[in-house]
$ cat final_27.cif   # mmCIF, C-alpha atoms
data_model
#
loop_
_atom_site.label_atom_id
_atom_site.label_comp_id
_atom_site.auth_asym_id
_atom_site.auth_seq_id
_atom_site.Cartn_x
_atom_site.Cartn_y
_atom_site.Cartn_z
CA MET A 356 -11.52 20.93 7.97
CA LEU A 357 -14.92 19.45 8.79
CA LEU A 358 -14.11 19.33 12.49
CA LEU A 359 -12.99 22.97 12.37
CA SER A 360 -16.24 24.12 10.79
CA PHE A 361 -18.27 22.05 13.28
CA THR A 362 -16.35 23.54 16.23
CA LEU A 363 -16.95 27.06 14.93
CA LEU A 364 -20.61 26.24 14.54
CA MET A 365 -20.89 25.00 18.13
CA LEU A 366 -19.21 28.18 19.35
CA LEU A 367 -21.55 30.40 17.36
CA LEU A 368 -24.53 28.56 18.85
CA GLY A 369 -23.22 29.12 22.37
CA PRO A 370 -24.63 31.66 24.83
CA GLU A 371 -21.57 33.92 24.48
CA ILE A 372 -22.46 34.73 20.84
CA ARG A 373 -26.21 34.15 20.61
CA GLY A 374 -28.06 37.43 20.72
CA HIS A 375 -24.89 39.54 20.31
CA GLN A 376 -23.33 41.23 17.37
CA LEU A 377 -20.66 38.99 15.77
CA SER A 378 -17.13 40.43 15.77
CA LEU A 379 -13.58 39.09 15.50
CA ALA A 380 -12.77 40.17 19.07
CA ARG A 381 -15.80 38.29 20.43
CA VAL A 382 -14.95 35.16 18.45
CA LEU A 383 -11.35 35.22 19.77
CA GLN A 384 -12.69 35.42 23.34
CA LEU A 385 -14.88 32.35 22.98
CA ARG A 386 -14.29 29.31 25.15
CA VAL A 387 -15.04 25.69 24.28
CA SER A 388 -16.93 23.85 26.99
CA LEU A 389 -16.02 20.27 27.89
CA LEU A 390 -19.44 19.11 26.70
CA ASN A 391 -19.01 20.78 23.30
CA PHE A 392 -15.54 19.26 23.04
CA MET A 393 -17.00 15.79 23.70
CA LEU A 394 -19.71 16.42 21.10
CA ALA A 395 -17.08 17.43 18.55
CA ALA A 396 -15.08 14.26 19.28
CA THR A 397 -18.28 12.16 18.95
CA CYS A 398 -19.03 13.86 15.65
CA LEU A 399 -15.52 13.10 14.35
CA ILE A 400 -15.87 9.40 15.25
CA ALA A 401 -19.32 9.24 13.65
CA TRP A 402 -18.00 10.83 10.46
CA ARG A 403 -15.14 8.36 10.24
CA LEU A 404 -17.53 5.42 10.71
CA SER A 405 -19.86 6.76 8.04
CA PHE A 406 -16.99 7.09 5.56
CA ASN A 407 -15.93 3.49 6.22
CA LEU A 408 -19.47 2.11 6.02
CA THR A 409 -20.41 3.99 2.84
CA LYS A 410 -16.99 3.45 1.19
CA LEU A 411 -16.55 7.16 0.50
CA HIS A 412 -12.92 6.71 -0.52
CA PHE A 413 -11.34 7.23 -3.93
CA ASP A 414 -7.85 6.77 -5.30
CA ARG A 415 -6.86 10.45 -5.27
CA SER A 416 -3.70 9.85 -7.26
CA ASN A 417 -5.72 8.75 -10.33
CA ALA A 418 -9.10 10.37 -9.65
CA SER A 419 -10.35 13.17 -11.90
CA VAL A 420 -11.44 16.59 -10.65
CA ALA A 421 -15.09 15.60 -11.20
CA ILE A 422 -14.76 12.44 -9.08
CA LEU A 423 -13.00 14.33 -6.31
CA GLY A 424 -15.78 16.95 -6.44
CA VAL A 425 -18.46 14.26 -6.08
CA GLU A 426 -16.56 12.70 -3.17
CA THR A 427 -16.27 16.08 -1.44
CA PHE A 428 -19.99 16.77 -1.95
CA LEU A 429 -21.02 13.38 -0.55
CA ARG A 430 -18.66 13.69 2.43
CA VAL A 431 -19.89 17.16 3.37
CA THR A 432 -23.54 16.24 2.90
CA SER A 433 -23.29 13.09 5.06
CA CYS A 434 -21.37 15.02 7.71
CA ALA A 435 -24.00 17.77 7.68
CA GLY A 436 -26.70 15.19 8.40
CA ILE A 437 -24.71 13.72 11.32
CA ALA A 438 -23.98 17.24 12.62
CA ALA A 439 -27.72 18.05 12.50
CA ILE A 440 -28.47 15.05 14.70
CA ILE A 441 -25.77 15.99 17.22
CA ILE A 442 -26.85 19.67 17.32
CA TYR A 443 -30.45 18.57 17.87
CA LEU A 444 -29.40 16.41 20.85
CA ARG A 445 -27.44 19.32 22.37
CA HIS A 446 -29.51 22.36 21.27
CA PRO A 447 -32.92 21.15 20.00
CA ASP A 448 -34.31 24.69 20.14
CA ARG A 449 -31.57 26.11 17.90
CA LEU A 450 -31.62 23.61 15.04
CA SER A 451 -32.73 25.21 11.77
CA ILE A 452 -32.26 24.86 8.04
CA TYR A 453 -30.18 28.05 8.12
CA THR A 454 -27.80 26.54 10.73
CA ILE A 455 -27.22 23.32 8.78
CA ALA A 456 -26.93 25.19 5.47
CA THR A 457 -24.29 27.46 7.01
CA PHE A 458 -22.34 24.43 8.27
CA TRP A 459 -22.62 22.73 4.86
CA PHE A 460 -21.48 25.84 2.99
CA VAL A 461 -18.52 26.59 5.30
CA SER A 462 -17.42 22.93 5.31
CA MET A 463 -17.66 22.72 1.52
CA ILE A 464 -15.45 25.78 1.09
CA LEU A 465 -12.87 24.67 3.67
CA LEU A 466 -12.65 21.10 2.34
CA THR A 467 -12.46 22.22 -1.29
CA VAL A 468 -9.76 24.78 -0.58
CA GLY A 469 -7.82 22.27 1.56
CA ARG A 470 -7.89 19.63 -1.16
CA ALA A 471 -6.97 22.14 -3.84
CA ILE A 472 -3.89 23.08 -1.81
CA LEU A 473 -2.94 19.41 -1.36
CA ILE A 474 -3.41 18.65 -5.07
CA ALA A 475 -1.35 21.71 -6.04
CA PHE A 476 1.36 20.60 -3.61
CA GLU A 477 1.44 17.08 -5.09
CA TYR A 478 1.61 18.29 -8.70
CA TYR A 479 3.77 21.40 -8.47
CA VAL A 480 5.73 21.41 -5.18
CA ARG A 481 6.51 17.78 -4.36
CA PRO A 482 8.32 17.13 -7.70
CA LEU A 483 10.67 20.01 -6.86
CA LEU A 484 11.44 18.43 -3.47
CA ARG A 485 12.40 15.05 -4.91
CA GLN A 486 16.00 14.25 -4.05
CA ASN A 487 18.48 12.81 -6.55
CA ARG A 488 19.32 9.14 -6.17
CA GLN A 489 21.58 7.09 -8.43
CA VAL A 490 20.63 3.46 -8.94
CA VAL A 491 21.99 0.36 -10.65
CA ILE A 492 19.51 -2.30 -11.79
CA VAL A 493 20.61 -5.93 -11.69
CA GLY A 494 18.99 -7.58 -14.68
CA SER A 495 18.15 -6.29 -18.15
CA GLY A 496 15.03 -8.20 -19.14
CA PRO A 497 11.39 -7.03 -19.25
CA ARG A 498 11.16 -6.88 -15.46
CA ALA A 499 14.27 -4.66 -15.24
CA GLN A 500 12.96 -2.41 -18.01
CA GLN A 501 9.65 -2.05 -16.17
CA VAL A 502 11.44 -1.16 -12.92
CA ALA A 503 13.48 1.51 -14.74
CA HIS A 504 10.27 3.00 -16.15
CA GLU A 505 8.49 2.98 -12.77
CA LEU A 506 11.39 4.77 -11.08
CA THR A 507 10.74 7.87 -13.18
CA THR A 508 7.48 8.50 -11.27
CA HIS A 509 8.75 7.75 -7.77
CA PRO A 510 7.09 10.25 -5.36
CA LYS A 511 10.09 10.78 -3.08
CA TRP A 512 13.26 10.30 -5.13
CA HIS A 513 14.42 11.55 -8.50
CA TYR A 514 16.06 8.35 -9.70
CA PHE A 515 18.84 8.32 -12.27
CA VAL A 516 19.52 4.84 -13.65
CA LEU A 517 23.28 4.48 -14.17
CA GLY A 518 22.78 1.28 -16.12
CA PHE A 519 22.00 -2.43 -15.95
CA VAL A 520 24.16 -5.27 -14.66
CA ASP A 521 23.59 -8.61 -16.36
CA SER A 522 25.83 -11.45 -17.46
CA GLU A 523 23.42 -12.17 -20.34
CA PRO A 524 22.19 -8.73 -21.52
CA GLN A 525 18.70 -8.53 -23.01
CA CYS A 526 18.75 -4.82 -23.85
CA ASP A 527 20.95 -2.27 -25.63
CA PRO A 528 24.56 -3.26 -24.76
CA ARG A 529 25.41 0.43 -24.30
CA CYS A 530 23.16 0.49 -21.22
CA VAL A 531 24.87 -2.53 -19.60
CA LEU A 532 27.66 -1.77 -17.13
CA GLY A 533 28.90 -5.35 -16.94
CA GLY A 534 28.10 -8.81 -15.64
CA ILE A 535 27.02 -9.75 -12.12
CA GLU A 536 30.52 -11.05 -11.43
CA GLN A 537 31.74 -7.46 -12.04
CA LEU A 538 29.27 -5.84 -9.61
CA ASP A 539 31.93 -5.42 -6.90
CA SER A 540 34.18 -3.33 -9.14
CA ILE A 541 31.21 -1.37 -10.54
CA LEU A 542 30.12 -0.37 -7.03
CA MET A 543 33.67 0.66 -6.18
CA GLN A 544 34.06 2.86 -9.25
CA LYS A 545 30.67 4.59 -9.40
CA VAL A 546 28.57 6.68 -7.02
CA VAL A 547 25.64 4.34 -6.30
CA ASP A 548 22.88 5.01 -3.75
CA GLU A 549 20.87 1.85 -4.30
CA VAL A 550 20.92 -1.41 -6.22
CA ILE A 551 17.57 -2.77 -7.37
CA ILE A 552 17.51 -6.46 -8.22
CA ALA A 553 15.13 -7.31 -11.04
CA LEU A 554 15.93 -10.94 -11.84
CA PRO A 555 13.48 -13.88 -11.91
CA MET A 556 13.71 -15.53 -8.50
CA LYS A 557 13.34 -19.19 -9.42
CA SER A 558 15.87 -19.37 -12.24
CA MET A 559 18.36 -16.76 -10.96
CA TYR A 560 18.43 -17.35 -7.21
CA ASP A 561 22.22 -17.77 -7.04
CA SER A 562 22.81 -14.60 -9.05
CA ILE A 563 20.42 -12.66 -6.82
CA GLN A 564 22.20 -13.88 -3.69
CA GLN A 565 25.54 -12.98 -5.27
CA ALA A 566 24.28 -9.45 -6.00
CA ILE A 567 22.98 -8.97 -2.45
CA LEU A 568 26.30 -10.09 -0.95
CA ALA A 569 28.16 -7.68 -3.25
CA CYS A 570 25.93 -4.84 -2.01
CA GLU A 571 26.63 -5.86 1.59
CA ARG A 572 30.37 -5.78 1.00
CA ALA A 573 30.14 -2.31 -0.53
CA GLY A 574 27.67 -1.06 2.10
CA ILE A 575 25.04 -0.13 -0.47
CA GLN A 576 21.30 -0.50 0.03
CA SER A 577 19.67 -3.18 -2.11
CA GLY A 578 16.07 -3.97 -2.89
CA TYR A 579 13.99 -6.85 -4.21
CA SER A 580 10.34 -7.82 -4.47
CA LEU A 581 10.39 -10.65 -1.91
CA ASP A 582 12.26 -11.11 1.39
CA LEU A 583 13.73 -14.55 0.67
CA PHE A 584 17.48 -14.09 0.95
CA SER A 585 19.97 -14.53 3.74
CA THR A 586 22.07 -11.52 4.81
CA GLU A 587 24.81 -11.00 7.34
CA VAL A 588 25.20 -7.24 7.72
CA ALA A 589 21.94 -5.59 6.57
CA LYS A 590 20.36 -3.88 9.57
CA ARG A 591 16.68 -4.45 8.89
CA ARG A 592 14.14 -5.09 6.21
CA SER A 593 11.27 -2.73 5.52
CA PHE A 594 8.63 -2.09 2.90
CA GLU A 595 8.88 0.97 0.70
CA GLU A 596 6.07 3.47 1.35
CA HIS A 597 5.03 3.59 -2.31
CA ASP A 598 5.18 -0.15 -3.01
CA ALA A 599 4.14 -2.69 -0.40
CA SER A 600 5.59 -5.55 -2.46
CA SER A 601 9.13 -4.14 -2.43
CA VAL A 602 11.58 -5.06 0.30
CA VAL A 603 14.58 -2.85 1.00
CA LEU A 604 17.68 -4.13 2.78
CA HIS A 605 19.09 -1.16 4.67
CA MET A 606 22.81 -1.25 5.39
CA VAL A 607 22.53 1.24 8.27
CA HIS A 608 19.88 2.38 10.71
CA ASN A 609 17.24 4.54 9.05
CA GLY A 610 14.13 6.53 9.94
CA HIS A 611 13.99 8.28 13.31
CA HIS A 612 17.53 7.12 14.15
CA LYS A 613 18.93 9.28 11.37
CA PHE A 614 16.76 12.19 12.48
CA LEU A 615 18.02 11.95 16.07
CA LYS A 616 21.64 11.71 14.95
CA ARG A 617 21.24 14.72 12.66
CA SER A 618 19.55 16.70 15.45
CA LEU A 619 22.48 15.94 17.77
CA ASP A 620 24.91 17.03 15.05
CA VAL A 621 23.20 20.36 14.43
CA ILE A 622 22.76 21.27 18.10
CA CYS A 623 26.26 20.30 19.25
CA SER A 624 28.10 21.75 16.24
CA ALA A 625 26.19 25.05 16.54
CA ILE A 626 27.14 25.26 20.22
CA GLY A 627 30.74 24.34 19.33
CA VAL A 628 30.97 27.11 16.72
CA ILE A 629 29.58 29.73 19.12
CA ILE A 630 31.97 28.76 21.93
CA LEU A 631 35.06 28.37 19.74
CA VAL A 632 34.71 31.45 17.51
CA PRO A 633 37.26 33.51 19.56
CA LEU A 634 39.82 30.67 19.38
CA MET A 635 39.26 30.22 15.64
CA ILE A 636 39.81 33.95 15.05
CA LEU A 637 43.12 33.84 16.95
CA VAL A 638 44.27 30.76 15.02
CA ALA A 639 43.35 32.41 11.71
CA ILE A 640 45.42 35.50 12.62
CA ALA A 641 48.39 33.34 13.65
CA ILE A 642 48.32 31.33 10.39
CA LYS A 643 48.08 34.44 8.23
CA ALA A 644 50.90 36.17 10.11
CA THR A 645 53.39 33.28 9.94
CA SER A 646 53.04 31.79 6.45
CA LYS A 647 51.88 32.57 2.94
CA GLY A 648 48.60 31.20 1.68
CA PRO A 649 44.93 31.02 2.69
CA VAL A 650 43.86 30.51 6.30
CA ILE A 651 41.42 27.72 5.42
CA PHE A 652 42.58 24.65 3.55
CA ARG A 653 39.85 22.89 1.63
CA GLN A 654 40.10 19.54 -0.05
CA LYS A 655 37.68 17.24 -1.83
CA ARG A 656 36.87 14.19 0.24
CA TYR A 657 34.52 11.26 -0.23
CA GLY A 658 31.38 11.37 1.91
CA LEU A 659 28.08 9.51 2.14
CA ASN A 660 27.61 7.04 -0.73
CA LYS A 661 31.01 8.13 -2.07
CA ARG A 662 29.74 11.59 -3.02
CA THR A 663 32.46 14.24 -2.90
CA PHE A 664 32.31 17.38 -0.77
CA TRP A 665 34.70 20.14 0.25
CA MET A 666 36.18 19.48 3.69
CA TYR A 667 37.54 22.48 5.59
CA LYS A 668 40.55 22.66 7.90
CA PHE A 669 42.88 25.34 9.19
CA ARG A 670 45.91 25.27 6.92
CA SER A 671 48.77 23.56 8.73
CA MET A 672 51.10 23.03 5.77
CA VAL A 673 52.80 25.13 3.15
CA GLU A 674 50.70 26.45 0.31
CA ASP A 675 51.82 23.87 -2.30
CA ALA A 676 51.64 20.87 0.06
CA GLU A 677 49.49 18.71 -2.24
CA VAL A 678 51.88 19.16 -5.16
CA ARG A 679 54.91 18.31 -3.01
CA GLN A 680 53.27 15.14 -1.67
CA LYS A 681 54.07 13.32 -4.91
CA GLU A 682 57.77 13.87 -4.16
CA LEU A 683 57.36 12.31 -0.71
CA GLU A 684 55.29 9.23 -1.58
CA HIS A 685 58.32 6.95 -1.23
CA LEU A 686 58.69 8.10 2.41
CA ASN A 687 55.17 7.05 3.40
CA GLU A 688 55.30 5.40 6.85
CA ASN A 689 51.75 4.01 6.73
CA ASP A 690 51.24 0.31 6.03
CA GLY A 691 48.01 0.92 4.15
CA HIS A 692 46.53 3.23 1.54
CA ALA A 693 46.69 6.45 3.60
CA PHE A 694 49.73 8.72 3.47
CA LYS A 695 51.46 9.39 6.79
CA MET A 696 54.89 10.83 7.55
CA ARG A 697 56.01 11.58 11.10
CA ASP A 698 58.39 14.48 10.31
CA ASP A 699 56.59 15.90 7.30
CA PRO A 700 58.65 18.87 5.97
CA ARG A 701 55.53 20.53 4.60
CA ILE A 702 54.10 21.31 8.06
CA THR A 703 54.54 24.91 9.25
CA ARG A 704 55.49 25.98 12.78
CA ILE A 705 51.91 26.94 13.66
CA GLY A 706 50.76 23.83 11.85
CA GLN A 707 52.69 21.58 14.23
CA ILE A 708 50.86 23.12 17.19
CA ILE A 709 47.35 23.06 15.77
CA ARG A 710 47.77 19.52 14.42
CA ARG A 711 48.97 18.15 17.77
CA THR A 712 46.00 19.74 19.53
CA SER A 713 43.56 18.97 16.68
CA ILE A 714 42.67 22.66 16.44
CA ASP A 715 43.15 22.42 12.67
CA GLU A 716 39.96 20.33 12.51
CA LEU A 717 37.67 22.97 14.09
CA PRO A 718 36.34 24.37 10.76
CA GLN A 719 34.75 20.99 10.17
CA PHE A 720 31.99 22.04 12.55
CA PHE A 721 30.73 23.99 9.53
CA ASN A 722 30.84 20.79 7.46
CA VAL A 723 28.59 19.23 10.07
CA LEU A 724 26.16 22.16 9.95
CA LEU A 725 26.06 21.90 6.16
CA GLY A 726 25.17 18.20 6.42
CA ASP A 727 28.28 16.85 4.69
CA MET A 728 29.69 15.36 7.90
CA SER A 729 28.53 14.12 11.28
CA LEU A 730 30.08 14.62 14.71
CA VAL A 731 30.88 10.92 14.92
CA GLY A 732 31.71 8.60 12.04
CA PRO A 733 34.59 7.32 9.91
CA ARG A 734 37.08 10.06 9.09
CA PRO A 735 36.73 11.40 5.50
CA LEU A 736 39.64 10.14 3.43
CA PRO A 737 41.38 12.07 0.63
CA MET A 738 40.47 10.99 -2.89
CA ARG A 739 44.06 9.79 -3.37
CA ASP A 740 43.68 7.25 -0.55
CA VAL A 741 40.24 5.99 -1.60
CA ASN A 742 41.32 5.55 -5.21
CA ASN A 743 43.94 3.09 -3.93
CA PHE A 744 41.30 0.86 -2.30
CA SER A 745 41.31 -2.62 -3.78
CA GLU A 746 38.87 -4.40 -1.43
CA ALA A 747 35.13 -3.94 -2.01
CA SER A 748 34.45 -4.35 1.73
CA LEU A 749 36.25 -1.06 2.44
CA MET A 750 33.56 0.79 0.48
CA ARG A 751 31.08 0.05 3.26
CA ARG A 752 32.55 2.92 5.29
CA PHE A 753 30.77 5.23 2.84
CA SER A 754 27.34 3.95 3.90
CA VAL A 755 27.32 6.61 6.65
CA LYS A 756 28.42 10.24 6.79
CA PRO A 757 32.07 10.83 7.71
CA GLY A 758 32.70 12.28 11.15
CA LEU A 759 34.90 14.66 13.09
CA THR A 760 35.77 11.86 15.45
CA GLY A 761 35.29 8.11 15.65
CA LEU A 762 36.44 4.87 17.21
CA TRP A 763 39.81 5.25 15.49
CA GLN A 764 40.43 8.65 17.08
CA VAL A 765 39.68 7.45 20.62
CA SER A 766 41.60 4.20 20.18
CA GLY A 767 45.05 5.75 19.76
CA ARG A 768 45.09 6.74 16.09
CA SER A 769 48.88 7.22 15.90
CA ASN A 770 49.52 3.69 17.11
CA THR A 771 46.81 2.01 15.02
CA SER A 772 47.56 0.20 11.76
CA PHE A 773 45.60 0.98 8.61
CA ALA A 774 43.88 -2.43 8.72
CA ASN A 775 42.79 -1.88 12.32
CA TRP A 776 41.66 1.64 11.44
CA MET A 777 39.35 0.27 8.73
CA LYS A 778 38.16 -2.48 11.09
CA LEU A 779 37.22 0.10 13.73
CA ASP A 780 35.30 2.14 11.15
CA LEU A 781 33.23 -0.87 10.09
CA GLU A 782 32.74 -1.88 13.73
CA TYR A 783 31.32 1.58 14.43
CA ILE A 784 28.88 1.28 11.51
CA ASP A 785 27.66 -2.15 12.65
CA ARG A 786 27.35 -1.20 16.33
CA TRP A 787 26.00 2.33 15.87
CA SER A 788 23.67 3.80 18.47
CA LEU A 789 23.20 7.25 20.00
CA LEU A 790 24.75 5.92 23.21
CA LEU A 791 27.87 4.85 21.29
CA ASP A 792 28.10 8.34 19.75
CA MET A 793 27.86 9.87 23.22
CA LYS A 794 30.62 7.60 24.53
CA ILE A 795 32.93 8.45 21.63
CA LEU A 796 32.31 12.19 22.06
CA ALA A 797 33.03 11.89 25.78
CA ARG A 798 36.30 10.04 25.10
CA THR A 799 37.41 12.42 22.35
CA ILE A 800 38.34 15.37 24.60
CA PRO A 801 40.69 13.34 26.86
CA ALA A 802 42.20 11.73 23.73
CA VAL A 803 42.94 15.16 22.26
CA PHE A 804 44.64 16.36 25.45
CA LYS A 805 46.73 13.18 25.48
CA LYS A 806 47.58 13.91 21.80
CA SER A 807 46.38 10.43 20.86
CA GLY A 808 43.21 11.40 19.02
CA ALA A 809 41.59 14.07 16.92
CA LEU A 810 38.33 15.87 16.55
#
$ encode --input "final_27.cif" --output "structure tokens"
Amino acid sequence: MLLLSFTLLMLLLGPEIRGHQLSLARVLQLRVSLLNFMLAATCLIAWRLSFNLTKLHFDRSNASVAILGVETFLRVTSCAGIAAIIIYLRHPDRLSIYTIATFWFVSMILLTVGRAILIAFEYYVRPLLRQNRQVVIVGSGPRAQQVAHELTTHPKWHYFVLGFVDSEPQCDPRCVLGGIEQLDSILMQKVVDEVIIALPMKSMYDSIQQAILACERAGIQSGYSLDLFSTEVAKRRSFEEHDASSVVLHMVHNGHHKFLKRSLDVICSAIGVIILVPLMILVAIAIKATSKGPVIFRQKRYGLNKRTFWMYKFRSMVEDAEVRQKELEHLNENDGHAFKMRDDPRITRIGQIIRRTSIDELPQFFNVLLGDMSLVGPRPLPMRDVNNFSEASLMRRFSVKPGLTGLWQVSGRSNTSFANWMKLDLEYIDRWSLLLDMKILARTIPAVFKKSGAL
């Protein structure tokens, strides 16, 4: 704001404006000379140095309106003095009390308005943008209680504490989910985004290490105050923005990696929808004309952090397929938790064609656009299959978004055992990179034509 007012001031002192009537059209036609640009940059550096030397910094999160007003006044006044010196060096004949007063007044208004907007954003807008995040706290003593209280004012996340995990509870038993030895089963049964460990380090080191390993098996992010524990799978360790003493063990790549992956998802899925709309219309007509029931089949699946979402597919089975599956469970040909039957009587004639060519998966491009799925990742499993999981390590596949395609699809899905399928999913999570996603996408199309993979 200060630099903007100084730049405007330098323009108004220039020969293009001086001596002429001021108008919006004339201001818009102004040009900034290289010398004035250098003076503005010099002024900015001088202001920054003056702020550092005079300690004109306050804690804005706790400062009152009066203190912020005093800080603004002192900042603008010191900047006006520096600007006066710089204007004198460049235009000694044009320096006047009126010029400096104009700069001070304009800067004061701009800075005050700018800060008022930022304060209003922090108090009224940012709380509405906080995203929900479910957390389990390991420990139940004073430290755990303090952590639970501090989470209520977190600037980025709206935390909901599911409960405490402690083998020797020190709080209301109704708030305790179980002991540390039960953490594996707790993480399998509940939707948990993060586990925060709030145990004393010296006396509970073994319990803390046990909790971290349980989080690694389940693929759930964990956090603690000090980075003192060995891990095997966690990708990296980073400090939380709001608390420099807190260390977070991320189970997957975070930050700009997630942004790049999401950007690739949105761009490619949007292009896919545009190109494939005619084919999807023809498929919809064929399904409606040959069998009773809706064109789109939707089913609840588990996604990121085991949150459920509606997954869309072209209907390839009879209308009551899910009800009839219970009658066919004894014919399951899969060696694992997933249901698979080679000659499934529920599949329609059109369904056989669109399943072999993976056309039934095309509506999932919309799942990608909605953010429930990614182009590449572990395939989203039906709730029936996930509820049969008995190993905590299988829950780690929910640490990333499910995908349209993955290592399993391009590795001959029909000839792959359930155990190898899960192994490939976890291998993808551990090895993830944009290059790996590109390779899988490139191998998916040939796999579909060979009828050995799926979108």
$ atom_distance --input "final_27.cif" --atom1 "CA of Ile437 in chain A" --atom2 "CA of Val425 in chain A"
18.5 Å
$ resolve_selection --input "final_27.cif" --expression "the PyMOL selection byres ((chain A and resi 612-614) around 12)" --output "PyMOL selection string"
chain A and resi 607-611+615-621+726+729+755-756+787-790
$ write_last_selection --input "final_27.cif" --atoms "C-alpha atoms" --output "PDB file, in the coordinates of the input"
ATOM      1  CA  VAL A 607      22.530   1.240   8.270  1.00  0.00           C
ATOM      2  CA  HIS A 608      19.880   2.380  10.710  1.00  0.00           C
ATOM      3  CA  ASN A 609      17.240   4.540   9.050  1.00  0.00           C
ATOM      4  CA  GLY A 610      14.130   6.530   9.940  1.00  0.00           C
ATOM      5  CA  HIS A 611      13.990   8.280  13.310  1.00  0.00           C
ATOM      6  CA  LEU A 615      18.020  11.950  16.070  1.00  0.00           C
ATOM      7  CA  LYS A 616      21.640  11.710  14.950  1.00  0.00           C
ATOM      8  CA  ARG A 617      21.240  14.720  12.660  1.00  0.00           C
ATOM      9  CA  SER A 618      19.550  16.700  15.450  1.00  0.00           C
ATOM     10  CA  LEU A 619      22.480  15.940  17.770  1.00  0.00           C
ATOM     11  CA  ASP A 620      24.910  17.030  15.050  1.00  0.00           C
ATOM     12  CA  VAL A 621      23.200  20.360  14.430  1.00  0.00           C
ATOM     13  CA  GLY A 726      25.170  18.200   6.420  1.00  0.00           C
ATOM     14  CA  SER A 729      28.530  14.120  11.280  1.00  0.00           C
ATOM     15  CA  VAL A 755      27.320   6.610   6.650  1.00  0.00           C
ATOM     16  CA  LYS A 756      28.420  10.240   6.790  1.00  0.00           C
ATOM     17  CA  TRP A 787      26.000   2.330  15.870  1.00  0.00           C
ATOM     18  CA  SER A 788      23.670   3.800  18.470  1.00  0.00           C
ATOM     19  CA  LEU A 789      23.200   7.250  20.000  1.00  0.00           C
ATOM     20  CA  LEU A 790      24.750   5.920  23.210  1.00  0.00           C
TER      21      LEU A 790
END
$ atom_distance --input "final_27.cif" --atom1 "CA of Asp740 in chain A" --atom2 "CA of Cys570 in chain A"
21.5 Å
$ atom_distance --input "final_27.cif" --atom1 "CA of Ile708 in chain A" --atom2 "CA of Lys647 in chain A"
17.1 Å
$ closest_residue --input "final_27.cif" --among "A:Cys526, A:Ile492, A:Ala569, A:Ala797" --to "Ile552 in chain A" --atoms "all atoms listed in the file"
A:Ile492
$ closest_residue --input "final_27.cif" --among "A:Ile705, A:Met559, A:Cys623, A:Leu484" --to "Thr645 in chain A" --atoms "all atoms listed in the file"
A:Ile705
$ closest_residue --input "final_27.cif" --among "A:Ile784, A:Met556, A:Ile551, A:Ser522" --to "Gln501 in chain A" --atoms "all atoms listed in the file"
A:Ile551
$ residues_around --input "final_27.cif" --residues "Thr703 in chain A" --least-positions-apart "6" --cutoff "7 Å" --atoms "all atoms listed in the file" --output "list in words"
Ser671, Met672 and Val673 of chain A
$ closest_residue --input "final_27.cif" --among "A:Ile452, A:Leu762, A:Val550, A:Leu517" --to "Ile567 in chain A" --atoms "all atoms listed in the file"
A:Val550
$ axis_aligned_box --input "final_27.cif" --around "range 641-653 of chain A" --padding-each-side "8 Å" --output "lines of an AutoDock Vina configuration file"
center_x = 46.6
center_y = 29.5
center_z = 7.6
size_x = 29.5
size_y = 29.3
size_z = 28.0
$ closest_residue --input "final_27.cif" --among "A:Leu659, A:Ile630, A:Leu796, A:Leu483" --to "Pro735 in chain A" --atoms "only C-alpha atoms"
A:Leu659
